[in-house]
Structures are given as structure tokens and as C-alpha cells.
>>> print(open('data.cif').read())   # mmCIF, C-alpha atoms
data_entry
loop_
_atom_site.label_atom_id
_atom_site.label_comp_id
_atom_site.auth_asym_id
_atom_site.auth_seq_id
_atom_site.Cartn_x
_atom_site.Cartn_y
_atom_site.Cartn_z
CA MET P 266 -40.85 19.62 -97.68
CA ALA P 267 -42.07 16.08 -98.19
CA HIS P 268 -45.73 15.42 -97.69
CA ALA P 269 -46.97 12.34 -95.90
CA PRO P 270 -48.93 10.02 -98.18
CA LEU P 271 -52.68 10.31 -97.95
CA GLN P 272 -54.14 7.57 -95.81
CA LEU P 273 -57.77 6.54 -95.68
CA SER P 274 -59.32 4.96 -92.66
CA SER P 275 -61.44 1.82 -93.03
CA ALA P 276 -64.49 4.03 -92.51
CA SER P 277 -63.40 6.26 -95.42
CA TYR P 278 -62.97 3.26 -97.71
CA SER P 279 -66.45 2.13 -96.74
CA ASP P 280 -67.88 5.57 -97.52
CA VAL P 281 -66.22 5.63 -100.94
CA PHE P 282 -67.48 2.14 -101.74
CA ILE P 283 -71.04 3.04 -100.74
CA LEU P 284 -70.86 6.21 -102.84
CA LEU P 285 -69.65 4.30 -105.92
CA VAL P 286 -72.29 1.57 -105.59
CA GLY P 287 -75.03 4.12 -105.01
CA SER P 288 -74.01 5.98 -108.17
CA LEU P 289 -74.28 2.96 -110.47
CA PRO P 290 -78.02 3.31 -111.30
CA VAL P 291 -77.58 6.99 -112.18
CA LEU P 292 -74.48 6.27 -114.29
CA TYR P 293 -76.32 3.48 -116.13
CA VAL P 294 -79.24 5.80 -117.01
CA LEU P 295 -76.78 8.47 -118.27
CA TYR P 296 -74.91 5.85 -120.30
CA GLN P 297 -78.14 4.59 -121.90
CA GLY P 298 -79.07 8.15 -122.80
CA ALA P 299 -75.68 8.63 -124.46
CA LEU P 300 -76.18 5.40 -126.40
CA ARG P 301 -79.59 6.54 -127.54
CA PHE P 302 -78.24 9.76 -129.03
CA GLY P 303 -75.08 8.22 -130.48
CA LEU P 304 -72.73 9.83 -127.94
CA ALA P 305 -71.32 6.54 -126.69
CA LYS P 306 -70.57 3.04 -127.91
CA PRO P 307 -71.67 -0.20 -126.23
CA LEU P 308 -69.26 -1.29 -123.51
CA SER P 309 -70.00 -4.99 -123.80
CA ALA P 310 -69.54 -7.37 -126.69
CA PRO P 311 -72.62 -8.71 -128.50
CA VAL P 312 -74.35 -11.57 -126.74
CA PRO P 313 -72.89 -14.74 -128.30
CA VAL P 314 -75.29 -16.84 -130.33
CA LYS P 315 -74.83 -19.93 -132.42
CA LYS P 316 -75.22 -19.24 -136.12
CA HIS P 317 -77.91 -21.12 -138.02
CA SER P 318 -75.72 -21.09 -141.09
CA ALA P 319 -72.07 -20.65 -141.86
CA ALA P 320 -72.87 -18.92 -145.14
CA GLY P 321 -71.79 -15.31 -145.67
CA GLU P 322 -69.26 -13.10 -143.96
CA GLY P 323 -71.45 -11.46 -141.33
CA ASP P 324 -71.23 -11.93 -137.60
CA GLY P 325 -74.95 -12.33 -136.99
CA ILE P 326 -77.58 -15.01 -137.59
CA ASP P 327 -77.39 -16.79 -140.97
CA GLY P 328 -74.20 -14.97 -141.85
CA ARG P 329 -75.78 -11.52 -142.08
CA LYS P 330 -74.36 -8.57 -140.22
CA TRP P 331 -75.99 -7.40 -137.01
CA GLY P 332 -78.58 -4.73 -137.69
CA LYS P 333 -78.83 -5.66 -141.40
CA TRP P 334 -81.98 -7.66 -142.03
CA VAL P 335 -82.32 -9.61 -145.27
CA PRO P 336 -85.99 -9.71 -146.41
CA VAL P 337 -87.56 -13.17 -146.31
CA ASP P 338 -90.02 -14.40 -148.93
CA TRP P 339 -92.63 -15.64 -146.47
CA LYS P 340 -96.38 -15.12 -146.48
CA TYR P 341 -98.64 -15.18 -143.45
CA PRO P 342 -100.65 -18.44 -143.41
CA GLU P 343 -104.32 -18.34 -144.28
CA VAL P 344 -106.39 -16.91 -141.42
CA GLU P 345 -109.55 -18.71 -140.32
CA PRO P 346 -112.47 -16.24 -140.00
CA TRP P 347 -114.16 -16.08 -136.60
CA THR P 348 -117.59 -16.45 -138.14
CA ASP P 349 -119.73 -16.24 -134.99
CA PHE P 350 -117.87 -13.29 -133.47
CA ASP P 351 -120.28 -10.57 -132.34
CA LEU P 352 -118.87 -7.15 -131.41
CA LYS P 353 -121.73 -6.59 -128.99
CA LYS P 354 -121.93 -10.05 -127.39
CA THR P 355 -118.60 -11.92 -127.53
CA PRO P 356 -117.01 -11.59 -124.06
CA PRO P 357 -113.28 -11.50 -123.33
CA LEU P 358 -111.69 -14.93 -123.19
CA PRO P 359 -111.38 -16.06 -119.55
CA TYR P 360 -107.61 -16.02 -119.17
CA ARG P 361 -106.29 -17.17 -115.81
CA GLY P 362 -102.58 -16.74 -116.44
CA PHE P 363 -101.27 -17.94 -113.08
CA ARG P 364 -99.95 -21.29 -111.91
CA TYR P 365 -99.65 -22.91 -108.49
CA GLN P 366 -96.00 -21.85 -108.38
CA HIS P 367 -94.54 -18.55 -109.58
CA LEU P 368 -91.74 -19.20 -112.07
CA THR P 369 -89.33 -16.64 -113.52
CA THR P 370 -89.14 -17.87 -117.11
CA MET P 371 -90.17 -16.59 -120.52
CA GLY P 372 -93.05 -19.09 -120.38
CA ILE P 373 -93.76 -19.00 -124.11
CA ARG P 374 -96.00 -21.24 -126.22
CA ASN P 375 -96.61 -21.42 -129.95
CA MET P 376 -99.18 -19.00 -131.36
CA PRO P 377 -101.85 -20.38 -133.71
CA TRP P 378 -101.68 -18.17 -136.80
CA SER P 379 -105.38 -17.28 -136.62
CA GLU P 380 -104.97 -15.91 -133.08
CA TRP P 381 -102.50 -13.06 -133.52
CA PHE P 382 -105.05 -10.55 -132.21
CA GLU P 383 -108.19 -11.20 -130.20
CA LEU P 384 -111.16 -8.88 -130.07
CA ASP P 385 -114.12 -8.98 -127.70
CA ASN P 386 -117.15 -6.87 -126.82
CA LEU P 387 -114.92 -4.38 -125.00
CA PHE P 388 -113.24 -3.35 -128.25
CA PRO P 389 -115.35 -0.16 -128.60
CA VAL P 390 -114.27 0.91 -125.10
CA TYR P 391 -110.59 0.17 -125.77
CA HIS P 392 -110.84 1.93 -129.14
CA SER P 393 -112.25 5.13 -127.70
CA THR P 394 -109.81 5.06 -124.77
CA ARG P 395 -106.82 4.65 -127.08
CA ALA P 396 -108.04 7.45 -129.37
CA LYS P 397 -108.46 9.74 -126.37
CA ARG P 398 -104.99 8.88 -125.07
CA VAL P 399 -103.38 9.82 -128.39
CA ALA P 400 -105.45 13.00 -128.66
CA GLU P 401 -104.34 14.07 -125.18
CA ARG P 402 -100.73 12.82 -125.11
CA GLY P 403 -99.64 12.50 -128.75
CA GLU P 404 -96.12 11.11 -129.17
CA ARG P 405 -95.93 10.28 -125.50
CA VAL P 406 -98.08 7.22 -126.26
CA CYS P 407 -97.63 6.73 -130.03
CA ARG P 408 -94.23 7.39 -131.57
CA THR P 409 -91.96 6.04 -134.30
CA LEU P 410 -88.19 6.64 -134.41
CA PRO P 411 -86.43 6.64 -137.84
CA PRO P 412 -85.01 3.07 -137.65
CA ALA P 413 -88.56 1.63 -137.42
CA ARG P 414 -90.37 3.66 -140.12
CA ASP P 415 -90.48 0.86 -142.68
CA ALA P 416 -91.27 -1.75 -140.02
CA VAL P 417 -94.23 0.32 -138.83
CA ARG P 418 -95.56 0.49 -142.38
CA GLU P 419 -95.20 -3.26 -142.77
CA LEU P 420 -96.88 -3.78 -139.39
CA CYS P 421 -99.85 -1.61 -140.32
CA LEU P 422 -100.51 -3.49 -143.56
CA ALA P 423 -100.06 -6.85 -141.83
CA VAL P 424 -102.50 -5.94 -139.03
CA ALA P 425 -105.08 -4.65 -141.52
CA GLU P 426 -104.83 -7.87 -143.56
CA PHE P 427 -105.17 -10.05 -140.46
CA GLN P 428 -108.09 -8.20 -138.91
CA ALA P 429 -110.03 -8.06 -142.20
CA ALA P 430 -109.59 -11.82 -142.64
CA ARG P 431 -110.24 -12.79 -139.00
CA TYR P 432 -113.18 -10.43 -138.34
CA PRO P 433 -114.89 -9.78 -141.70
CA GLN P 434 -118.08 -8.71 -139.90
CA VAL P 435 -116.17 -5.88 -138.16
CA PHE P 436 -113.82 -4.52 -140.86
CA ASN P 437 -114.46 -3.42 -144.44
CA ILE P 438 -111.44 -2.88 -146.70
CA THR P 439 -110.68 -1.12 -149.97
CA ARG P 440 -107.74 -2.38 -152.02
CA ARG P 441 -105.52 -0.75 -154.59
CA GLY P 442 -106.22 -1.31 -158.25
CA PRO P 443 -104.18 -3.83 -160.28
CA ASN P 444 -102.20 -1.07 -161.99
CA GLU P 445 -101.37 0.94 -158.86
CA GLN P 446 -98.00 0.93 -157.14
CA TRP P 447 -97.72 -1.21 -154.06
CA TRP P 448 -95.15 -1.91 -151.36
CA PHE P 449 -96.49 -4.76 -149.25
CA GLY P 450 -97.88 -6.83 -152.10
CA PRO P 451 -100.25 -6.71 -155.10
CA ASN P 452 -103.70 -5.31 -154.27
CA GLU P 453 -102.57 -4.16 -150.84
CA ILE P 454 -105.13 -2.47 -148.59
CA ARG P 455 -105.68 1.24 -149.19
CA SER P 456 -108.25 1.92 -146.46
CA ILE P 457 -110.01 0.02 -143.71
CA ALA P 458 -113.35 0.90 -142.12
CA LEU P 459 -115.11 -0.07 -138.89
CA PRO P 460 -118.78 0.64 -139.70
CA GLU P 461 -120.08 -0.08 -136.19
CA LEU P 462 -117.66 2.48 -134.76
CA GLY P 463 -118.15 4.97 -137.59
CA VAL P 464 -114.45 5.33 -138.48
CA THR P 465 -112.34 4.77 -141.60
CA TYR P 466 -108.56 4.80 -141.75
CA ASP P 467 -106.64 5.82 -144.89
CA LEU P 468 -103.39 3.90 -144.93
CA ASP P 469 -101.85 6.37 -147.39
CA LYS P 470 -102.48 9.48 -145.32
CA GLU P 471 -102.50 8.51 -141.64
CA ASP P 472 -99.72 7.51 -139.26
CA PRO P 473 -99.38 3.75 -139.87
CA LEU P 474 -98.54 3.01 -136.24
CA TYR P 475 -101.66 4.85 -135.10
CA VAL P 476 -103.81 2.97 -137.61
CA ALA P 477 -102.37 -0.40 -136.58
CA GLY P 478 -103.01 0.35 -132.93
CA MET P 479 -106.57 1.47 -133.51
CA LEU P 480 -107.49 -1.81 -135.21
CA VAL P 481 -106.72 -3.89 -132.12
CA GLN P 482 -107.04 -3.90 -128.32
CA ASP P 483 -103.31 -4.43 -127.85
CA ASP P 484 -100.46 -2.08 -127.09
CA MET P 485 -97.55 -2.54 -129.52
CA ALA P 486 -93.78 -2.16 -129.38
CA ILE P 487 -91.48 -2.54 -132.39
CA MET P 488 -88.04 -3.88 -131.53
CA MET P 489 -85.26 -3.37 -134.10
CA GLU P 490 -81.87 -5.03 -134.10
CA GLY P 491 -78.88 -2.74 -133.66
CA GLU P 492 -75.37 -3.14 -135.04
CA ASP P 493 -74.32 -4.23 -131.53
CA SER P 494 -76.66 -7.28 -131.80
CA LEU P 495 -79.06 -5.85 -129.16
CA TYR P 496 -82.72 -5.05 -129.71
CA TYR P 497 -84.09 -1.54 -129.21
CA MET P 498 -87.65 -0.28 -128.93
CA GLN P 499 -87.75 2.03 -131.96
CA ALA P 500 -91.51 2.52 -132.08
CA GLY P 501 -94.45 2.01 -129.79
CA PHE P 502 -98.17 2.56 -129.34
CA ILE P 503 -98.30 2.20 -125.56
CA ALA P 504 -101.61 3.59 -124.31
CA LEU P 505 -102.83 1.07 -121.72
CA ALA P 506 -99.70 -0.13 -119.94
CA GLY P 507 -100.94 0.98 -116.52
CA SER P 508 -97.59 1.37 -114.77
CA TRP P 509 -94.92 2.32 -117.35
CA ARG P 510 -94.65 4.96 -120.06
CA LEU P 511 -93.45 4.86 -123.65
CA GLU P 512 -91.42 8.04 -123.15
CA ASP P 513 -89.24 6.26 -120.55
CA LYS P 514 -88.50 3.24 -122.75
CA ILE P 515 -88.42 4.28 -126.41
CA GLY P 516 -84.98 4.09 -127.98
CA ARG P 517 -83.78 1.80 -125.19
CA ASP P 518 -82.52 -1.77 -125.36
CA LEU P 519 -84.21 -4.83 -123.88
CA ARG P 520 -81.97 -4.90 -120.84
CA TYR P 521 -82.65 -1.27 -119.91
CA ILE P 522 -86.38 -1.65 -120.55
CA HIS P 523 -86.62 -4.50 -118.06
CA THR P 524 -84.05 -3.48 -115.46
CA SER P 525 -85.40 0.07 -115.23
CA GLY P 526 -88.75 -1.54 -114.45
CA GLU P 527 -87.05 -3.72 -111.82
CA VAL P 528 -88.33 -6.96 -113.36
CA PRO P 529 -87.45 -9.59 -110.73
CA GLU P 530 -84.46 -11.83 -111.53
CA TYR P 531 -84.17 -10.40 -115.03
CA MET P 532 -80.38 -10.30 -115.16
CA SER P 533 -79.90 -13.70 -113.52
CA LYS P 534 -82.62 -15.67 -115.33
CA LEU P 535 -83.99 -13.79 -118.36
CA ASP P 536 -81.43 -11.43 -119.90
CA LEU P 537 -79.50 -13.91 -122.03
CA SER P 538 -82.54 -15.96 -123.10
CA MET P 539 -84.52 -12.83 -124.04
CA THR P 540 -81.70 -11.44 -126.16
CA ARG P 541 -81.05 -14.73 -127.91
CA PHE P 542 -84.75 -15.25 -128.54
CA HIS P 543 -85.06 -11.88 -130.29
CA GLN P 544 -81.97 -12.60 -132.36
CA ARG P 545 -83.18 -16.02 -133.46
CA ILE P 546 -86.93 -15.69 -133.95
CA ARG P 547 -87.93 -16.19 -137.57
CA PRO P 548 -90.99 -14.93 -139.45
CA ASP P 549 -92.48 -18.43 -139.56
CA LYS P 550 -92.45 -18.66 -135.76
CA ALA P 551 -94.71 -16.72 -133.40
CA VAL P 552 -95.25 -17.15 -129.68
CA LEU P 553 -97.60 -16.14 -126.88
CA ARG P 554 -97.19 -15.78 -123.13
CA ASN P 555 -99.41 -14.64 -120.25
CA ASN P 556 -98.66 -12.88 -117.01
CA TYR P 557 -100.54 -11.30 -114.13
CA THR P 558 -100.33 -9.01 -111.15
CA PHE P 559 -102.71 -7.55 -108.58
CA VAL P 560 -103.59 -3.88 -108.36
CA GLN P 561 -105.53 -1.78 -105.92
CA CYS P 562 -107.35 0.31 -108.51
CA ASN P 563 -109.64 -0.02 -111.52
CA GLU P 564 -107.47 2.05 -113.87
CA LEU P 565 -106.55 0.40 -117.17
CA ALA P 566 -104.55 3.14 -118.90
CA TRP P 567 -102.55 4.60 -116.01
CA ALA P 568 -102.61 3.58 -112.33
CA THR P 569 -102.83 7.08 -110.82
CA PHE P 570 -103.91 5.63 -107.47
CA THR P 571 -100.61 3.79 -106.97
CA LYS P 572 -98.20 5.61 -109.35
CA GLY P 573 -99.37 9.19 -108.98
CA PRO P 574 -100.03 11.67 -111.82
CA GLU P 575 -98.70 10.28 -115.10
CA ASP P 576 -96.95 13.51 -116.12
CA HIS P 577 -94.95 13.53 -112.88
CA PHE P 578 -93.94 9.87 -112.79
CA ASP P 579 -90.26 9.15 -112.19
CA GLN P 580 -89.27 5.61 -113.11
CA LEU P 581 -86.27 5.69 -110.77
CA LEU P 582 -88.52 6.60 -107.86
CA LYS P 583 -91.36 4.31 -109.06
CA GLY P 584 -93.72 7.15 -108.29
CA PRO P 585 -94.15 10.90 -108.73
CA ASN P 586 -91.27 13.30 -108.38
CA LYS P 587 -92.48 15.48 -105.53
CA ASN P 588 -90.39 18.41 -106.76
CA SER P 589 -92.54 18.57 -109.89
CA LEU P 590 -95.90 18.25 -108.15
CA VAL P 591 -96.64 21.96 -108.27
CA GLY P 592 -100.18 22.53 -107.10
CA LYS P 593 -100.80 18.78 -106.83
CA THR P 594 -100.70 16.33 -103.97
CA PHE P 595 -100.14 12.59 -103.91
CA GLU P 596 -100.57 10.25 -100.99
CA PRO P 597 -99.05 6.80 -101.49
CA PRO P 598 -101.71 4.09 -101.20
CA LYS P 599 -102.17 2.28 -97.93
CA PRO P 600 -102.77 -1.46 -97.58
CA THR P 601 -106.40 -2.35 -98.17
CA THR P 602 -108.59 -3.93 -95.53
CA ASN P 603 -111.29 -4.94 -98.03
CA PRO P 604 -109.87 -7.19 -100.78
CA GLN P 605 -113.34 -8.16 -101.98
CA ARG P 606 -113.92 -4.55 -102.97
CA ASP P 607 -110.47 -3.16 -103.72
CA ILE P 608 -108.31 -5.82 -105.37
CA TYR P 609 -108.21 -6.33 -109.14
CA ILE P 610 -106.18 -8.77 -111.15
CA ARG P 611 -104.43 -7.31 -114.17
CA GLN P 612 -103.54 -9.89 -116.80
CA GLU P 613 -101.66 -9.59 -120.08
CA ARG P 614 -101.74 -11.73 -123.18
CA GLN P 615 -98.42 -11.00 -124.89
CA GLY P 616 -97.36 -11.93 -128.41
CA LEU P 617 -94.03 -11.92 -130.25
CA ARG P 618 -93.41 -12.35 -133.98
CA ARG P 619 -90.98 -11.10 -136.61
CA LEU P 620 -91.97 -9.22 -139.75
CA PRO P 621 -90.48 -10.82 -142.88
CA ILE P 622 -89.69 -7.71 -144.96
CA THR P 623 -88.08 -5.40 -142.39
CA GLY P 624 -87.16 -7.86 -139.64
CA GLY P 625 -88.87 -5.87 -136.90
CA VAL P 626 -89.89 -7.94 -133.87
CA ILE P 627 -93.42 -7.03 -132.83
CA PHE P 628 -94.34 -7.23 -129.15
CA THR P 629 -98.08 -6.98 -128.48
CA VAL P 630 -99.86 -6.73 -125.14
CA HIS P 631 -103.61 -7.19 -124.62
CA SER P 632 -104.38 -6.11 -121.05
CA TYR P 633 -107.35 -7.31 -119.02
CA LEU P 634 -108.48 -5.82 -115.70
CA ASP P 635 -111.04 -7.63 -113.54
CA PRO P 636 -112.03 -7.67 -109.85
CA VAL P 637 -110.67 -10.74 -108.10
CA ALA P 638 -114.20 -11.13 -106.72
CA SER P 639 -115.51 -11.73 -110.25
CA MET P 640 -113.63 -15.05 -110.52
CA ILE P 641 -113.51 -16.16 -106.91
CA GLU P 642 -116.23 -18.81 -107.35
CA GLU P 643 -114.59 -20.47 -110.36
CA PRO P 644 -113.54 -24.03 -109.50
CA GLY P 645 -109.92 -24.17 -108.38
CA VAL P 646 -109.15 -20.48 -108.92
CA PRO P 647 -108.94 -19.30 -105.27
CA GLY P 648 -106.70 -22.25 -104.36
CA ARG P 649 -104.41 -21.67 -107.32
CA LEU P 650 -104.20 -17.93 -106.59
CA ALA P 651 -103.42 -18.59 -102.92
CA SER P 652 -100.69 -21.05 -103.88
CA THR P 653 -98.98 -18.68 -106.29
CA LEU P 654 -99.12 -15.85 -103.73
CA ARG P 655 -97.34 -18.07 -101.21
CA SER P 656 -94.60 -18.79 -103.74
CA TRP P 657 -93.62 -15.14 -104.16
CA LYS P 658 -90.13 -14.40 -102.89
CA GLY P 659 -88.49 -11.06 -102.02
CA ASP P 660 -88.12 -9.28 -105.38
CA VAL P 661 -91.32 -10.75 -106.81
CA TYR P 662 -93.29 -9.68 -103.73
CA LYS P 663 -91.82 -6.18 -103.99
CA HIS P 664 -92.35 -5.88 -107.76
CA LYS P 665 -96.00 -6.86 -107.44
CA ASN P 666 -96.56 -4.43 -104.53
CA GLY P 667 -97.53 -7.29 -102.26
CA GLU P 668 -97.40 -5.08 -99.18
CA LEU P 669 -100.66 -3.43 -100.32
CA TYR P 670 -102.83 -6.55 -100.29
CA HIS P 671 -101.00 -9.80 -99.57
CA ALA P 672 -101.88 -9.91 -95.86
CA VAL P 673 -105.64 -9.67 -96.46
CA LEU P 674 -105.96 -11.27 -99.90
CA LEU P 675 -104.40 -14.58 -98.89
CA PRO P 676 -106.80 -15.35 -95.98
CA TRP P 677 -109.78 -14.55 -98.20
CA LEU P 678 -108.51 -16.87 -100.95
CA ASP P 679 -107.83 -19.61 -98.40
CA ALA P 680 -111.36 -19.33 -97.02
CA GLU P 681 -112.92 -19.51 -100.49
CA HIS P 682 -110.72 -22.49 -101.38
CA ALA P 683 -111.82 -24.27 -98.20
CA LYS P 684 -115.46 -23.77 -99.21
CA GLN P 685 -114.80 -25.35 -102.60
CA VAL P 686 -112.99 -28.30 -101.03
CA ALA P 687 -115.84 -28.87 -98.55
CA ALA P 688 -118.36 -28.76 -101.39
CA GLY P 689 -116.36 -31.26 -103.42
CA VAL P 690 -115.76 -28.73 -106.19
CA THR P 691 -111.97 -28.97 -106.12
CA PRO P 692 -109.33 -31.14 -104.40
CA GLU P 693 -107.56 -29.81 -101.32
CA ASP P 694 -104.19 -30.03 -103.01
CA LYS P 695 -103.34 -28.98 -106.56
CA GLY P 696 -106.13 -29.69 -108.99
CA PRO P 697 -105.93 -30.01 -112.78
CA PHE P 698 -106.20 -26.86 -114.90
CA ASN P 699 -105.69 -25.87 -118.52
CA TYR P 700 -103.17 -23.04 -118.45
CA PRO P 701 -103.63 -20.15 -119.26
CA TYR P 702 -107.36 -20.56 -118.56
#
>>> encode(input="data.cif", output="C-alpha cells")
Amino acid sequence: MAHAPLQLSSASYSDVFILLVGSLPVLYVLYQGALRFGLAKPLSAPVPVKKHSAAGEGDGIDGRKWGKWVPVDWKYPEVEPWTDFDLKKTPPLPYRGFRYQHLTTMGIRNMPWSEWFELDNLFPVYHSTRAKRVAERGERVCRTLPPARDAVRELCLAVAEFQAARYPQVFNITRRGPNEQWWFGPNEIRSIALPELGVTYDLDKEDPLYVAGMLVQDDMAIMMEGEDSLYYMQAGFIALAGSWRLEDKIGRDLRYIHTSGEVPEYMSKLDLSMTRFHQRIRPDKAVLRNNYTFVQCNELAWATFTKGPEDHFDQLLKGPNKNSLVGKTFEPPKPTTNPQRDIYIRQERQGLRRLPITGGVIFTVHSYLDPVASMIEEPGVPGRLASTLRSWKGDVYKHKNGELYHAVLLPWLDAEHAKQVAAGVTPEDKGPFNYPY
């Protein structure tokens, strides 16, 4: 007996379409996991880039093959010592990394070679916080995957050399003897001490990523090029990120790292430029960028108030997985009614440079957390903040959790700006400023 062909109503087609679209985020996460463990191959071709040289038979930059770095004979330029730096008195630099208009761009600028890392009088606090985070969470905040082992070693020696040269009053070093074996260079550093903090790090015996991270106030991620031309986070010391975790990102490529964090307009405006930048950056080029957001809590390491318990965070939900909150409760934050008391501005000074021996691209993040009230009287700042808040569009507003503060923060900023205009401190319209200060 013949069967009538199966027919779907328009409603059924709609249901199927909705089901397929709704499944895409889950399928993408599963696919990235398969990539990470070598169970799948990339579906897309490498991002096309223009070769700097036609030499060689490779398909990557300068004729080399993707994922095969050729060591470069390049030495870090001489570092100028910060002679009047005082670990007890030198305050954080007053970054004000926001413009009158929010722009979705990489927003990079050249990095002066003597400014790779910046310390201030909060270094002892950051140091103890980072040590505590590693003691409590181990590889969940400081981990190296096999592809980055040599890069992490190179990074550690490079950071030790820089910090000892830039802050000689903070760091004491011991070098290898002239007849000893070395890897980084003759007379490379064997140990580095911080007398004021009472600690010494042995570069032969301790985890090099841990040592590198304990010499600075920055979080660090090491991006390594894969044979598919993409860049993967193969190591990281991520202790003070506030709203994302190393365990969710390590082993992942740039695109996953940013899209899983729902970075606004990443695919439409940043994906191609970010990938090409990582492919092209050379050891003799280093860049900086700044960014900002507002938060409703004074929590530098992890924003428990807005994200929930760190161990129960689900990056797909952007909050805690309630099924895992056994014996714990979490109430999502409500919009504040007191911005003067509750709103903080979290800023990041980010750096990018490539290591010459291993080719690892080092991403560093120095985070700052200050009450908005602490800078509200600075000339031009409330007007500039109000202007950039007004420029936020849908995804940016959502990504920065604007629903928690935008409605009360903006009137306060407008009122403070009006006071400055009336006092002749700043013009009513856009005034001059020296970004990112």
C-alpha cells in the first residue's frame, strides 16, 4: 500500500527552523571542545593574509608554514629605569580610557619599550591576592598547555629582565655564571627577589608562568599559532579578570574566546582584524590599548555580586548554574538607586607583543577598579562619561550591564558636568583631553 508523502505545515517548518537556530550555540561549544582535544578539524579555511615575503614554500607569513615559528634574532631595546619609583608612594597612573563616543575598534597605539609593565603602590596588594588565588584555585587560574611550554619559559625570563631593569629598587637578581648552560642568553637570570615583599623566585625550580605573573600586576595569556592559522590560548595566569575564567577559555581560539563572552560586534567588526593582527605582529612591534566598563561591586578578582559564586559560573548563562548551587543561594543584582555609593569603573590597560624565540603572542591585562565618585570632580570627566554612556547601542548596553546603573548614573553625571560648565572648568560641548588619561 502506498504511503502519502509526509507534509509539514508552515507552523512545523517554523518550529524546525527555531529548533535549528536555537541549537547553534550548543553545537558551536561542542565543536570547539572537539577541536581542543583533536577530535575534529577546522571547518573553515585559514583567514587570508597578504604575505610579507614570497620566500619559502609555506602558506603563512614570510613563507613559513602556519604553526611553525622561525626564531628571530631580536633583542629587547634598552629599558629606562624608573629611578624615582617608590613602592610605598607611587600611585596608579590616572587612566581614563573612555572617549566621548563609544567605538568598536581595536583602538591600539604603539607601546614605548620601557612601559611594558607598570607597577604602583598597590603592587603588594595585587601580589598577595594573586598568590592567594593560585593557592586556592591552582590550575584554574594558572595553567600551561604543552604547545606553550617553551613560550612560557621565554616569557618568564623576559619579564624578569624587564622588571629588574625598569624597577631596580624593587627587584634583586642573581645571574648564571659564565660557564653555565643557558637557554635565553648568556648570563640569564637564575633567581629574582623582592626584598620588600620577602619573596625570592627560583627560575630553575618554580613554574615559570607563576613566576612571571607574580612579578607584575597584570594577568597574562599566551596565544600560540595553530596549523590552521588561528591563535589559541595555550597558557594563562588569569587571576583578576573579574567576569571570566581561565578554565572556560584555555585551549580555545580567539573567535571562541570573544564570542563566548558576547563581545559586542566582534564578528562584524573585530574578528578579521584581530586574527590578521596576531598573524602579522612582529617582535619589534608592541601595542597597548585601554578599555572600561562599570560594575556594581568592589570585587577585583571575581564579581560574585553580579556573576554569582565563581565555582558555579556558567558562561552560556552568564551567571551561576542553579542546578549546581547545592546549599547556596544567588539573587541577581537589582538596579542601584545610589550611583555615588555603588558604581565603580573597571578599566584595563592591555598590551600585546610577540616573543622572538618561540613566537608566542603575549596578551597582558592590568586591571584598575575605582569608585566613579573618586574621579567625578576631575575637569571634563563627568561630561565625557555621560557622552560615552549615551553612545551605547543595544549589544554594548547589554554587554556592559547598563540596566543595573544607566538610568541613575547618567543624570548624576549630567548634573556634575553642568556644575563644571557653570564654574568655567570645562566647555559645555566636547572639551580637549589626552586619551587615555
>>> residues_around(input="data.cif", residues="Glu419 in chain P", least_positions_apart="6", cutoff="10 Å", atoms="all atoms listed in the file", output="PyMOL selection string")
chain P and resi 413+448-449+473-474+477+620-625
>>> atom_distance(input="data.cif", atom1="CA of Phe502 in chain P", atom2="CA of Ala486 in chain P")
6.4 Å
>>> atom_distance(input="data.cif", atom1="CA of Asn444 in chain P", atom2="CA of Asp467 in chain P")
19.0 Å
>>> resolve_selection(input="data.cif", expression="the PyMOL selection byres ((chain P and resi 436) around 6)", output="list in words")
Ala429, Pro433, Val435, Asn437, Ala458 and Leu459 of chain P
>>> closest_residue(input="data.cif", among="P:Trp509, P:Trp447, P:Tyr557, P:Phe427", to="Lys583 in chain P", atoms="all atoms listed in the file")
P:Trp509
>>> atom_distance(input="data.cif", atom1="CA of Asp484 in chain P", atom2="CA of Trp339 in chain P")
24.9 Å
>>> closest_residue(input="data.cif", among="P:Asn666, P:Gln544, P:Asn556, P:Thr394", to="Val626 in chain P", atoms="only C-alpha atoms")
P:Gln544
>>> residues_around(input="data.cif", residues="range 366-375 of chain P", least_positions_apart="4", cutoff="6 Å", atoms="all atoms listed in the file", output="list of chain:residue names")
P:Val552, P:Leu553, P:Arg554, P:Thr653, P:Ser656
>>> resolve_selection(input="data.cif", expression="the PyMOL selection byres ((chain P and resi 423-425) around 10)", output="ChimeraX atom specification")
/P:341,381-382,417-422,426-431,436-438,449,453-458,468,476-478,480-481,620
>>> residues_near_point(input="data.cif", point="(-104.1, -6.2, -119.6)", cutoff="6 Å", atoms="only C-alpha atoms", output="list in words")
Arg611, Gln612, Glu613, His631, Ser632, Tyr633 and Leu634 of chain P
